[in-house]
>>> print(open('work.txt').read())   # compact mmCIF, C-alpha atoms
# COMPACT_ATOMS: atom_id res chain seq x y z
CA MET A 1 17.66 21.02 3.58
CA LEU A 2 14.69 20.16 5.79
CA ALA A 3 13.86 16.64 6.95
CA VAL A 4 11.54 15.03 9.51
CA THR A 5 13.31 12.50 11.72
CA LEU A 6 12.33 10.06 14.45
CA THR A 7 13.21 10.86 18.07
CA SER A 8 12.93 8.98 21.36
CA GLN A 9 10.78 11.78 22.83
CA PRO A 10 7.09 11.28 21.94
CA LEU A 11 4.91 14.34 21.58
CA LEU A 12 1.66 12.40 21.95
CA PRO A 13 0.76 10.00 24.80
CA GLU A 14 -0.25 7.19 22.42
CA HIS A 15 3.19 7.25 20.74
CA LYS A 16 6.47 5.69 21.87
CA TYR A 17 8.51 7.86 19.49
CA GLY A 18 8.30 11.45 18.37
CA LEU A 19 9.28 13.53 15.35
CA GLN A 20 11.45 16.57 14.85
CA LEU A 21 11.99 18.90 11.91
CA ILE A 22 15.71 19.40 11.34
CA GLN A 23 17.95 21.39 9.04
CA THR A 24 20.60 19.06 7.65
CA ASP A 25 23.15 18.88 4.86
CA SER A 26 21.99 18.12 1.34
CA PRO A 27 22.64 14.48 0.33
CA GLN A 28 26.01 13.65 -1.19
CA PRO A 29 25.61 10.95 -3.87
CA LYS A 30 27.83 7.88 -3.55
CA ASN A 31 28.99 5.68 -6.39
CA ARG A 32 26.32 5.93 -9.11
CA GLU A 33 23.62 7.56 -6.97
CA VAL A 34 21.66 10.56 -8.21
CA VAL A 35 19.92 13.33 -6.29
CA VAL A 36 16.12 13.61 -6.34
CA ASN A 37 14.28 16.66 -5.04
CA ILE A 38 11.08 15.44 -3.38
CA VAL A 39 7.89 17.18 -4.49
CA ALA A 40 5.31 15.24 -2.46
CA ALA A 41 5.29 12.30 -0.06
CA ALA A 42 2.59 10.02 1.33
CA LEU A 43 2.17 8.37 4.70
CA ASN A 44 1.18 4.77 5.35
CA HIS A 45 -0.15 2.98 8.43
CA ARG A 46 3.40 1.66 8.80
CA ASP A 47 4.46 5.17 9.80
CA VAL A 48 1.82 5.23 12.55
CA TRP A 49 2.97 1.82 13.82
CA ILE A 50 6.55 3.07 13.90
CA LEU A 51 5.55 6.05 16.05
CA LYS A 52 3.67 3.69 18.37
CA GLY A 53 6.68 1.36 18.64
CA MET A 54 4.75 -1.48 17.02
CA TYR A 55 7.12 -2.17 14.13
CA PRO A 56 10.41 -4.10 14.01
CA GLY A 57 13.81 -2.48 13.54
CA ILE A 58 12.92 1.04 14.68
CA LYS A 59 15.91 3.39 14.90
CA VAL A 60 15.84 6.98 16.08
CA ASP A 61 17.18 9.59 13.65
CA SER A 62 15.50 7.75 10.77
CA VAL A 63 13.80 10.00 8.22
CA LEU A 64 10.19 8.85 8.17
CA CYS A 65 8.06 7.73 5.17
CA SER A 66 8.58 5.51 2.16
CA ASP A 67 6.40 7.04 -0.59
CA ALA A 68 7.37 9.96 -2.81
CA VAL A 69 7.48 11.55 -6.22
CA GLY A 70 10.32 13.89 -7.09
CA VAL A 71 12.49 15.39 -9.80
CA GLN A 72 15.84 13.87 -10.68
CA VAL A 73 18.23 16.82 -10.57
CA SER A 74 20.55 15.62 -13.32
CA THR A 75 17.79 15.07 -15.90
CA GLY A 76 14.82 17.19 -14.77
CA GLN A 77 12.66 14.07 -15.09
CA ARG A 78 9.79 13.39 -12.69
CA VAL A 79 10.37 10.02 -10.99
CA LEU A 80 8.85 7.58 -8.52
CA LEU A 81 11.01 5.97 -5.83
CA ASN A 82 10.94 2.22 -5.34
CA PRO A 83 10.06 1.89 -1.61
CA GLY A 84 12.07 -1.31 -1.07
CA ARG A 85 15.74 -2.29 -1.01
CA GLY A 86 17.40 -5.70 -1.25
CA TRP A 87 14.89 -7.27 -3.65
CA ASP A 88 15.63 -7.29 -7.35
CA LYS A 89 13.44 -9.75 -9.26
CA ASP A 90 13.04 -13.15 -7.56
CA GLU A 91 9.27 -13.75 -7.45
CA ARG A 92 9.58 -15.99 -4.39
CA ALA A 93 11.27 -13.66 -1.92
CA PRO A 94 14.02 -11.03 -1.59
CA GLU A 95 17.50 -12.08 -2.68
CA ASP A 96 18.98 -10.10 0.22
CA THR A 97 17.76 -8.54 3.47
CA LEU A 98 14.61 -6.57 2.68
CA TYR A 99 14.55 -2.97 3.85
CA ILE A 100 11.77 -0.43 3.35
CA LEU A 101 12.39 3.29 3.06
CA GLY A 102 11.58 5.28 6.18
CA LEU A 103 13.86 3.49 8.64
CA LEU A 104 17.64 3.41 8.82
CA PRO A 105 19.79 2.22 7.12
CA CYS A 106 17.51 3.45 4.33
CA ILE A 107 16.60 6.98 3.40
CA GLY A 108 13.14 8.33 4.14
CA THR A 109 11.00 10.52 1.93
CA LEU A 110 10.07 13.26 4.43
CA ALA A 111 13.16 15.15 3.25
CA GLU A 112 13.58 17.84 0.64
CA SER A 113 16.25 15.85 -1.23
CA VAL A 114 17.49 12.25 -1.29
CA ALA A 115 20.31 10.36 -2.99
CA VAL A 116 19.09 7.24 -4.79
CA ASP A 117 20.48 4.48 -6.99
CA PRO A 118 18.96 5.21 -10.42
CA LEU A 119 17.91 1.56 -10.64
CA ASP A 120 15.36 2.38 -7.93
CA LEU A 121 13.80 5.20 -9.92
CA VAL A 122 10.98 4.79 -12.43
CA PRO A 123 9.67 7.56 -14.71
CA CYS A 124 6.37 8.86 -13.37
CA PRO A 125 3.36 8.31 -15.65
CA ALA A 126 2.47 11.61 -17.29
CA HIS A 127 -1.24 11.40 -16.47
CA LEU A 128 -0.62 11.46 -12.70
CA SER A 129 -0.57 14.68 -10.71
CA ASP A 130 2.21 15.01 -8.14
CA ILE A 131 -0.31 14.30 -5.39
CA GLU A 132 -1.55 11.12 -7.07
CA ALA A 133 1.96 9.97 -7.88
CA ALA A 134 3.17 10.33 -4.28
CA ALA A 135 0.35 8.03 -3.17
CA LEU A 136 1.35 5.15 -5.44
CA PRO A 137 4.63 3.38 -4.52
CA LEU A 138 4.29 1.25 -1.37
CA ALA A 139 0.57 0.46 -1.43
CA GLY A 140 0.56 0.05 -5.21
CA LEU A 141 3.48 -2.37 -5.11
CA THR A 142 1.97 -4.39 -2.26
CA ALA A 143 -1.36 -4.67 -4.09
CA TYR A 144 0.29 -5.60 -7.40
CA ARG A 145 2.28 -8.46 -5.89
CA ALA A 146 -0.70 -9.76 -3.89
CA LEU A 147 -2.95 -9.77 -6.97
CA PHE A 148 -0.73 -10.95 -9.76
CA THR A 149 2.34 -12.69 -8.35
CA LYS A 150 0.63 -14.39 -5.43
CA ALA A 151 -3.06 -14.75 -6.34
CA ASN A 152 -2.57 -15.15 -10.12
CA ILE A 153 -5.64 -13.06 -10.91
CA ARG A 154 -7.01 -13.55 -14.42
CA GLN A 155 -9.61 -11.80 -16.54
CA GLY A 156 -13.16 -12.83 -15.70
CA GLU A 157 -12.39 -14.28 -12.28
CA HIS A 158 -14.27 -13.31 -9.12
CA ILE A 159 -12.22 -11.94 -6.24
CA LEU A 160 -12.88 -10.55 -2.77
CA ILE A 161 -10.97 -7.57 -1.37
CA THR A 162 -11.39 -7.02 2.35
CA GLY A 163 -11.32 -3.71 4.22
CA ILE A 164 -11.90 -1.41 1.27
CA GLY A 165 -10.76 2.16 1.89
CA GLY A 166 -7.13 1.51 2.78
CA GLY A 167 -4.44 2.21 0.21
CA VAL A 168 -3.54 -1.40 -0.64
CA ALA A 169 -7.18 -2.51 -0.88
CA LEU A 170 -8.06 0.41 -3.17
CA PHE A 171 -5.15 -0.24 -5.50
CA ALA A 172 -6.05 -3.94 -5.57
CA LEU A 173 -9.59 -2.94 -6.59
CA GLN A 174 -8.40 -0.58 -9.31
CA PHE A 175 -5.82 -3.00 -10.70
CA ALA A 176 -8.20 -5.97 -10.71
CA VAL A 177 -10.99 -4.00 -12.39
CA ALA A 178 -8.55 -2.78 -15.03
CA MET A 179 -7.60 -6.39 -15.79
CA GLY A 180 -11.22 -7.48 -16.17
CA ALA A 181 -11.81 -9.28 -12.87
CA HIS A 182 -15.16 -9.22 -11.04
CA VAL A 183 -14.42 -7.59 -7.69
CA TYR A 184 -16.41 -7.66 -4.45
CA VAL A 185 -15.45 -5.82 -1.27
CA THR A 186 -16.06 -5.76 2.46
CA SER A 187 -16.20 -2.80 4.82
CA SER A 188 -17.90 -1.75 8.03
CA LYS A 189 -19.13 1.40 6.27
CA GLN A 190 -21.84 1.33 3.60
CA GLU A 191 -20.52 4.60 2.18
CA LYS A 192 -17.16 2.97 1.43
CA ILE A 193 -18.88 0.06 -0.29
CA GLN A 194 -20.81 2.47 -2.51
CA ARG A 195 -17.64 4.36 -3.38
CA ALA A 196 -15.96 1.07 -4.28
CA ILE A 197 -18.87 0.21 -6.57
CA ALA A 198 -18.40 3.59 -8.26
CA LEU A 199 -14.80 2.54 -8.92
CA GLY A 200 -15.90 -0.68 -10.58
CA ALA A 201 -16.66 -3.21 -7.82
CA LYS A 202 -19.63 -5.47 -8.51
CA GLY A 203 -20.87 -5.25 -4.94
CA GLY A 204 -19.94 -5.45 -1.29
CA VAL A 205 -21.10 -6.32 2.20
CA ASP A 206 -20.76 -4.99 5.72
CA TYR A 207 -18.56 -7.56 7.47
CA THR A 208 -19.97 -6.58 10.88
CA GLN A 209 -23.34 -8.07 9.90
CA ASP A 210 -23.90 -11.61 11.14
CA ASN A 211 -25.14 -12.78 7.74
CA HIS A 212 -22.43 -11.16 5.61
CA VAL A 213 -21.23 -14.53 4.27
CA GLU A 214 -24.74 -15.36 3.08
CA GLN A 215 -24.97 -11.89 1.54
CA LEU A 216 -21.78 -12.52 -0.42
CA LYS A 217 -23.16 -15.88 -1.59
CA ASP A 218 -26.26 -14.11 -2.86
CA LEU A 219 -24.14 -11.54 -4.73
CA LEU A 220 -21.99 -14.27 -6.28
CA GLN A 221 -25.01 -16.39 -7.31
CA SER A 222 -23.45 -19.54 -8.80
CA HIS A 223 -19.90 -18.15 -8.89
CA ARG A 224 -17.13 -18.57 -6.33
CA PHE A 225 -14.07 -16.51 -5.48
CA SER A 226 -10.82 -17.48 -7.12
CA ALA A 227 -8.94 -15.27 -4.70
CA VAL A 228 -9.26 -13.24 -1.52
CA ILE A 229 -6.95 -10.25 -1.07
CA ASP A 230 -6.83 -9.67 2.67
CA GLY A 231 -4.99 -7.32 5.00
CA ALA A 232 -6.96 -7.94 8.20
CA GLY A 233 -6.68 -11.58 9.23
CA GLY A 234 -8.99 -12.43 12.09
CA PRO A 235 -12.02 -14.71 12.47
CA LEU A 236 -13.39 -14.19 8.95
CA HIS A 237 -10.68 -16.49 7.66
CA SER A 238 -12.61 -19.42 9.04
CA GLN A 239 -15.47 -18.58 6.66
CA TYR A 240 -13.72 -17.86 3.36
CA HIS A 241 -13.67 -21.50 2.22
CA ARG A 242 -17.47 -21.41 1.96
CA LEU A 243 -17.17 -18.75 -0.75
CA MET A 244 -14.14 -20.00 -2.65
CA ARG A 245 -13.64 -22.33 -5.57
CA SER A 246 -11.36 -25.33 -5.24
CA GLY A 247 -7.77 -24.28 -5.82
CA GLY A 248 -8.45 -20.71 -4.74
CA ILE A 249 -5.81 -18.48 -3.17
CA ILE A 250 -5.90 -16.17 -0.16
CA ALA A 251 -3.18 -13.52 -0.42
CA ASN A 252 -2.64 -12.08 3.05
CA TYR A 253 -0.58 -8.87 3.30
CA GLY A 254 -1.41 -7.94 6.89
CA GLN A 255 -3.25 -8.89 10.06
CA THR A 256 -4.54 -5.60 11.41
CA LEU A 257 -7.12 -7.36 13.58
CA GLY A 258 -4.20 -8.86 15.49
CA THR A 259 -5.80 -12.26 16.05
CA GLY A 260 -4.00 -14.37 13.44
CA ILE A 261 -5.68 -16.52 10.82
CA THR A 262 -7.37 -19.91 10.68
CA TYR A 263 -6.34 -22.64 8.25
CA ALA A 264 -8.68 -25.57 8.80
CA MET A 265 -9.00 -28.95 7.10
CA SER A 266 -11.81 -27.51 4.97
CA TYR A 267 -9.17 -25.47 3.14
CA VAL A 268 -6.96 -28.50 2.66
CA MET A 269 -9.81 -30.51 1.16
CA LYS A 270 -10.50 -27.75 -1.38
CA ASN A 271 -6.81 -27.19 -2.21
CA ILE A 272 -7.10 -23.58 -1.07
CA GLU A 273 -3.76 -21.89 -0.42
CA ILE A 274 -2.93 -19.06 1.97
CA LYS A 275 0.03 -17.03 0.73
CA GLY A 276 1.74 -14.36 2.76
CA THR A 277 3.01 -11.36 0.85
CA THR A 278 5.04 -8.29 1.78
CA LEU A 279 5.85 -5.35 -0.51
CA GLY A 280 7.44 -6.57 -3.77
CA SER A 281 10.57 -6.58 -5.92
CA ARG A 282 12.16 -3.86 -8.02
CA GLN A 283 10.90 -5.69 -11.11
CA GLU A 284 7.35 -5.84 -9.73
CA PHE A 285 7.56 -2.13 -8.96
CA MET A 286 8.43 -1.37 -12.58
CA ASP A 287 5.66 -3.69 -13.78
CA MET A 288 3.15 -2.03 -11.44
CA VAL A 289 3.98 1.47 -12.66
CA ARG A 290 3.70 0.24 -16.25
CA LEU A 291 0.19 -1.11 -15.52
CA VAL A 292 -0.80 2.25 -14.00
CA ASP A 293 0.52 4.00 -17.09
CA ILE A 294 -1.16 1.71 -19.63
CA TYR A 295 -4.59 1.76 -17.95
CA ARG A 296 -4.28 5.38 -16.77
CA ILE A 297 -5.15 4.40 -13.22
CA GLN A 298 -5.47 7.35 -10.85
CA PRO A 299 -4.70 6.75 -7.16
CA ILE A 300 -7.39 7.71 -4.68
CA VAL A 301 -6.26 10.47 -2.32
CA SER A 302 -8.38 11.36 0.69
CA ASP A 303 -6.48 14.33 2.11
CA VAL A 304 -3.56 16.62 1.26
CA PHE A 305 -1.52 18.66 3.73
CA ASN A 306 0.70 21.46 2.50
CA GLY A 307 4.30 22.04 3.48
CA LEU A 308 7.04 19.92 5.04
CA SER A 309 6.40 20.79 8.68
CA LEU A 310 5.72 19.02 11.96
CA GLU A 311 2.21 20.42 11.91
CA SER A 312 1.35 18.88 8.53
CA VAL A 313 2.99 15.55 9.39
CA TYR A 314 1.18 15.21 12.73
CA GLN A 315 -2.12 16.19 11.10
CA ALA A 316 -1.58 13.42 8.55
CA VAL A 317 -0.62 10.91 11.28
CA SER A 318 -3.72 11.85 13.29
CA LEU A 319 -5.95 11.29 10.29
CA LEU A 320 -4.38 7.90 9.55
CA SER A 321 -4.74 6.85 13.18
CA GLN A 322 -8.51 7.34 12.99
CA GLY A 323 -8.70 4.49 10.48
CA ASP A 324 -11.78 5.84 8.71
CA LYS A 325 -10.34 7.25 5.50
CA PHE A 326 -10.96 6.29 1.89
CA GLY A 327 -7.68 6.74 0.05
CA LYS A 328 -4.18 7.94 0.75
CA VAL A 329 -2.90 10.85 2.84
CA VAL A 330 -0.32 13.04 1.08
CA ILE A 331 1.98 15.89 2.08
CA ALA A 332 2.77 18.37 -0.71
CA PHE A 333 6.13 20.00 -0.05
CA ASP A 334 5.38 22.79 -2.52
CA THR A 335 1.81 24.10 -2.58
CA SER A 336 2.02 24.26 -6.37
CA ALA A 337 1.97 20.45 -6.29
CA HIS A 338 -1.55 20.54 -4.83
CA LYS A 339 -3.25 19.76 -8.11
CA LEU A 340 -5.51 16.71 -8.44
>>> encode(input="work.txt", output="structure tokens")
Amino acid sequence: MLAVTLTSQPLLPEHKYGLQLIQTDSPQPKNREVVVNIVAAALNHRDVWILKGMYPGIKVDSVLCSDAVGVQVSTGQRVLLNPGRGWDKDERAPEDTLYILGLLPCIGTLAESVAVDPLDLVPCPAHLSDIEAAALPLAGLTAYRALFTKANIRQGEHILITGIGGGVALFALQFAVAMGAHVYVTSSKQEKIQRAIALGAKGGVDYTQDNHVEQLKDLLQSHRFSAVIDGAGGPLHSQYHRLMRSGGIIANYGQTLGTGITYAMSYVMKNIEIKGTTLGSRQEFMDMVRLVDIYRIQPIVSDVFNGLSLESVYQAVSLLSQGDKFGKVVIAFDTSAHKL
């Protein structure tokens, strides 16, 4: 079978690691594992950070990527792969060492077949195309945990989602709207804000504008945010308390701005909590897929590349590196999967 693995020889000057397409043996299931033939896989910014050497625990010969939809060989059923390992159901944190697919000792999804514990497989909702399904696992799980386990979002509440356009932010928007929350977004692109409004957001602001906090206040009128779902960190954290109700929650799943976050006494006085969150448990993954199924949520996909090849993978990596997309980037192993 074909697989794309990590090498110590970068092909691009901005990368510390490279990729190679190899022919390898088909997976041999161990214990109760089952074989899944991958139909489509999706990349995440994590994969770009791995190639740049900016992620912990990097090991060459790893099969890249953590998102996929496939067909379980023994049943013929279409399934989604849980992207995490070592976390069963404890809402607080993993019971064991947390691993994410795409780095050894775990499998990766840029392979034609994988062997998986059936407990880490969930039936794929019938309304999703293969392309949409491949886009769901990691970003969907991260968004679900941030919204519901960490931020305790409830119907009718007002929430802010920063950096709309990325996979986690878009799923957070779709999930929150489905549950009846009033969602506002930030972006540096007005076009992305308008697309978010078309998906159900109440409004949004350009965070590069000096008066963006005042603009959000105007949009909220007398309301305040119960939660902020944030993947950027940075200086805006010093302003969120002005927009939040007492007892509000900031769920932070990343700090892409690289400058940390501010937790001042103004947050303490308003009982505002900052909660870090990474991925989610197997139970949360099942709950997330169930929500997608019940509300018939359709993941937003920006681009699809056909065929498991170095060309398609590097095209997808290049697109992700530009940081200007709206939705997920997917690789369809079989061109017949290219149906949205």
>>> closest_residue(input="work.txt", among="A:Leu110, A:Ile249, A:Leu121, A:Ala201", to="Tyr267 of chain A", atoms="only C-alpha atoms")
A:Ile249
>>> atom_distance(input="work.txt", atom1="atom CA of Ser187 of chain A", atom2="atom CA of Ile161 of chain A")
9.4 Å
>>> residues_around(input="work.txt", residues="Tyr207 of chain A", least_positions_apart="3", cutoff="6 Å", atoms="all atoms listed in the file", output="PyMOL selection string")
chain A and resi 186-188+212
>>> closest_residue(input="work.txt", among="A:Gly254, A:Gly18, A:Gly307, A:Gly70", to="Ser129 of chain A", atoms="all atoms listed in the file")
A:Gly70
>>> closest_residue(input="work.txt", among="A:Lys52, A:Lys270, A:Arg242, A:Lys328", to="Glu214 of chain A", atoms="all atoms listed in the file")
A:Arg242
>>> closest_residue(input="work.txt", among="A:Leu104, A:Met286, A:Ile22, A:Leu170", to="Pro123 of chain A", atoms="all atoms listed in the file")
A:Met286
>>> residues_near_point(input="work.txt", point="(10.9, -11.7, 0.8)", cutoff="9 Å", atoms="all atoms listed in the file", output="PDB file with C-alpha atoms, in the coordinates of the input")
ATOM      1  CA  TRP A  87      14.890  -7.270  -3.650  1.00  0.00           C
ATOM      2  CA  ASP A  90      13.040 -13.150  -7.560  1.00  0.00           C
ATOM      3  CA  GLU A  91       9.270 -13.750  -7.450  1.00  0.00           C
ATOM      4  CA  ARG A  92       9.580 -15.990  -4.390  1.00  0.00           C
ATOM      5  CA  ALA A  93      11.270 -13.660  -1.920  1.00  0.00           C
ATOM      6  CA  PRO A  94      14.020 -11.030  -1.590  1.00  0.00           C
ATOM      7  CA  GLU A  95      17.500 -12.080  -2.680  1.00  0.00           C
ATOM      8  CA  ASP A  96      18.980 -10.100   0.220  1.00  0.00           C
ATOM      9  CA  THR A  97      17.760  -8.540   3.470  1.00  0.00           C
ATOM     10  CA  LEU A  98      14.610  -6.570   2.680  1.00  0.00           C
ATOM     11  CA  THR A 277       3.010 -11.360   0.850  1.00  0.00           C
ATOM     12  CA  THR A 278       5.040  -8.290   1.780  1.00  0.00           C
ATOM     13  CA  LEU A 279       5.850  -5.350  -0.510  1.00  0.00           C
ATOM     14  CA  GLY A 280       7.440  -6.570  -3.770  1.00  0.00           C
ATOM     15  CA  SER A 281      10.570  -6.580  -5.920  1.00  0.00           C
TER      16      SER A 281
END
>>> residues_around(input="work.txt", residues="segment 141-150 of chain A", least_positions_apart="2", cutoff="8 Å", atoms="all atoms listed in the file", output="PyMOL selection string")
chain A and resi 91+136-139+152-153+168-169+171-172+175-176+229+249+251-253+275+277-280+284-285+288
>>> atom_distance(input="work.txt", atom1="atom CA of Thr24 of chain A", atom2="atom CA of Met1 of chain A")
5.4 Å
>>> atom_distance(input="work.txt", atom1="atom CA of Ser238 of chain A", atom2="atom CA of Leu173 of chain A")
22.9 Å
>>> closest_residue(input="work.txt", among="A:Ala316, A:Ala135, A:Ile58, A:Ala115", to="Asn31 of chain A", atoms="only C-alpha atoms")
A:Ala115
>>> residues_around(input="work.txt", residues="Leu2 of chain A", least_positions_apart="4", cutoff="10 Å", atoms="all atoms listed in the file", output="compact mmCIF listing (two decimals) with C-alpha atoms, in the coordinates of the input")
# COMPACT_ATOMS: atom_id res chain seq x y z
CA LEU A 21 11.99 18.90 11.91
CA ILE A 22 15.71 19.40 11.34
CA GLN A 23 17.95 21.39 9.04
CA THR A 24 20.60 19.06 7.65
CA ASP A 25 23.15 18.88 4.86
CA SER A 26 21.99 18.12 1.34
CA LEU A 110 10.07 13.26 4.43
CA ALA A 111 13.16 15.15 3.25
CA GLU A 112 13.58 17.84 0.64
CA SER A 113 16.25 15.85 -1.23
CA LEU A 308 7.04 19.92 5.04
CA SER A 309 6.40 20.79 8.68
>>> decode(input="work.txt", residues="segment 261-328 of chain A", atoms="C-alpha atoms", output="compact mmCIF listing (two decimals), in the first residue's frame")
# COMPACT_ATOMS: atom_id res chain seq x y z
CA ILE A 261 -2.14 35.63 27.06
CA THR A 262 -2.94 38.21 29.73
CA TYR A 263 -4.88 37.40 32.89
CA ALA A 264 -5.25 40.63 34.83
CA MET A 265 -6.99 41.47 38.10
CA SER A 266 -9.97 42.72 36.08
CA TYR A 267 -10.70 39.09 35.20
CA VAL A 268 -10.41 38.01 38.81
CA MET A 269 -12.86 40.68 39.95
CA LYS A 270 -15.43 39.49 37.41
CA ASN A 271 -14.88 35.78 38.15
CA ILE A 272 -13.86 35.20 34.54
CA GLU A 273 -12.03 31.92 33.95
CA ILE A 274 -9.47 31.05 31.30
CA LYS A 275 -9.54 27.34 30.47
CA GLY A 276 -6.98 25.64 28.29
CA THR A 277 -8.27 22.85 26.07
CA THR A 278 -6.63 20.36 23.73
CA LEU A 279 -8.44 17.87 21.47
CA GLY A 280 -10.93 15.78 23.49
CA SER A 281 -11.82 12.30 24.73
CA ARG A 282 -13.17 9.27 22.90
CA GLN A 283 -16.53 9.94 24.56
CA GLU A 284 -16.51 13.57 23.41
CA PHE A 285 -15.67 12.39 19.90
CA MET A 286 -18.73 10.14 19.86
CA ASP A 287 -20.88 12.95 21.28
CA MET A 288 -19.56 15.38 18.67
CA VAL A 289 -20.35 13.06 15.77
CA ARG A 290 -23.82 12.49 17.23
CA LEU A 291 -24.42 16.27 17.30
CA VAL A 292 -23.30 16.53 13.65
CA ASP A 293 -25.69 13.72 12.76
CA ILE A 294 -28.69 15.10 14.65
CA TYR A 295 -28.35 18.67 13.32
CA ARG A 296 -27.09 17.58 9.89
CA ILE A 297 -24.10 19.88 10.15
CA GLN A 298 -21.96 19.98 7.01
CA PRO A 299 -18.24 20.77 7.43
CA ILE A 300 -16.88 23.65 5.39
CA VAL A 301 -14.23 22.53 2.90
CA SER A 302 -12.16 25.12 1.06
CA ASP A 303 -10.12 22.93 -1.28
CA VAL A 304 -9.83 19.30 -2.41
CA PHE A 305 -6.76 17.67 -3.94
CA ASN A 306 -7.07 14.35 -5.73
CA GLY A 307 -4.87 11.33 -5.23
CA LEU A 308 -2.46 10.18 -2.52
CA SER A 309 0.72 11.69 -3.94
CA LEU A 310 3.52 14.01 -2.85
CA GLU A 311 2.23 16.60 -5.28
CA SER A 312 -1.25 16.71 -3.75
CA VAL A 313 0.09 16.70 -0.18
CA TYR A 314 2.55 19.54 -0.80
CA GLN A 315 -0.13 21.55 -2.60
CA ALA A 316 -2.36 21.14 0.45
CA VAL A 317 0.50 22.08 2.82
CA SER A 318 1.28 25.17 0.73
CA LEU A 319 -2.33 26.29 0.87
CA LEU A 320 -2.51 25.80 4.64
CA SER A 321 0.73 27.71 5.12
CA GLN A 322 -0.78 30.79 3.47
CA GLY A 323 -3.24 31.06 6.36
CA ASP A 324 -5.97 32.70 4.30
CA LYS A 325 -8.43 29.86 3.78
CA PHE A 326 -12.04 29.51 4.87
CA GLY A 327 -12.58 25.85 5.69
CA LYS A 328 -10.66 22.60 5.62
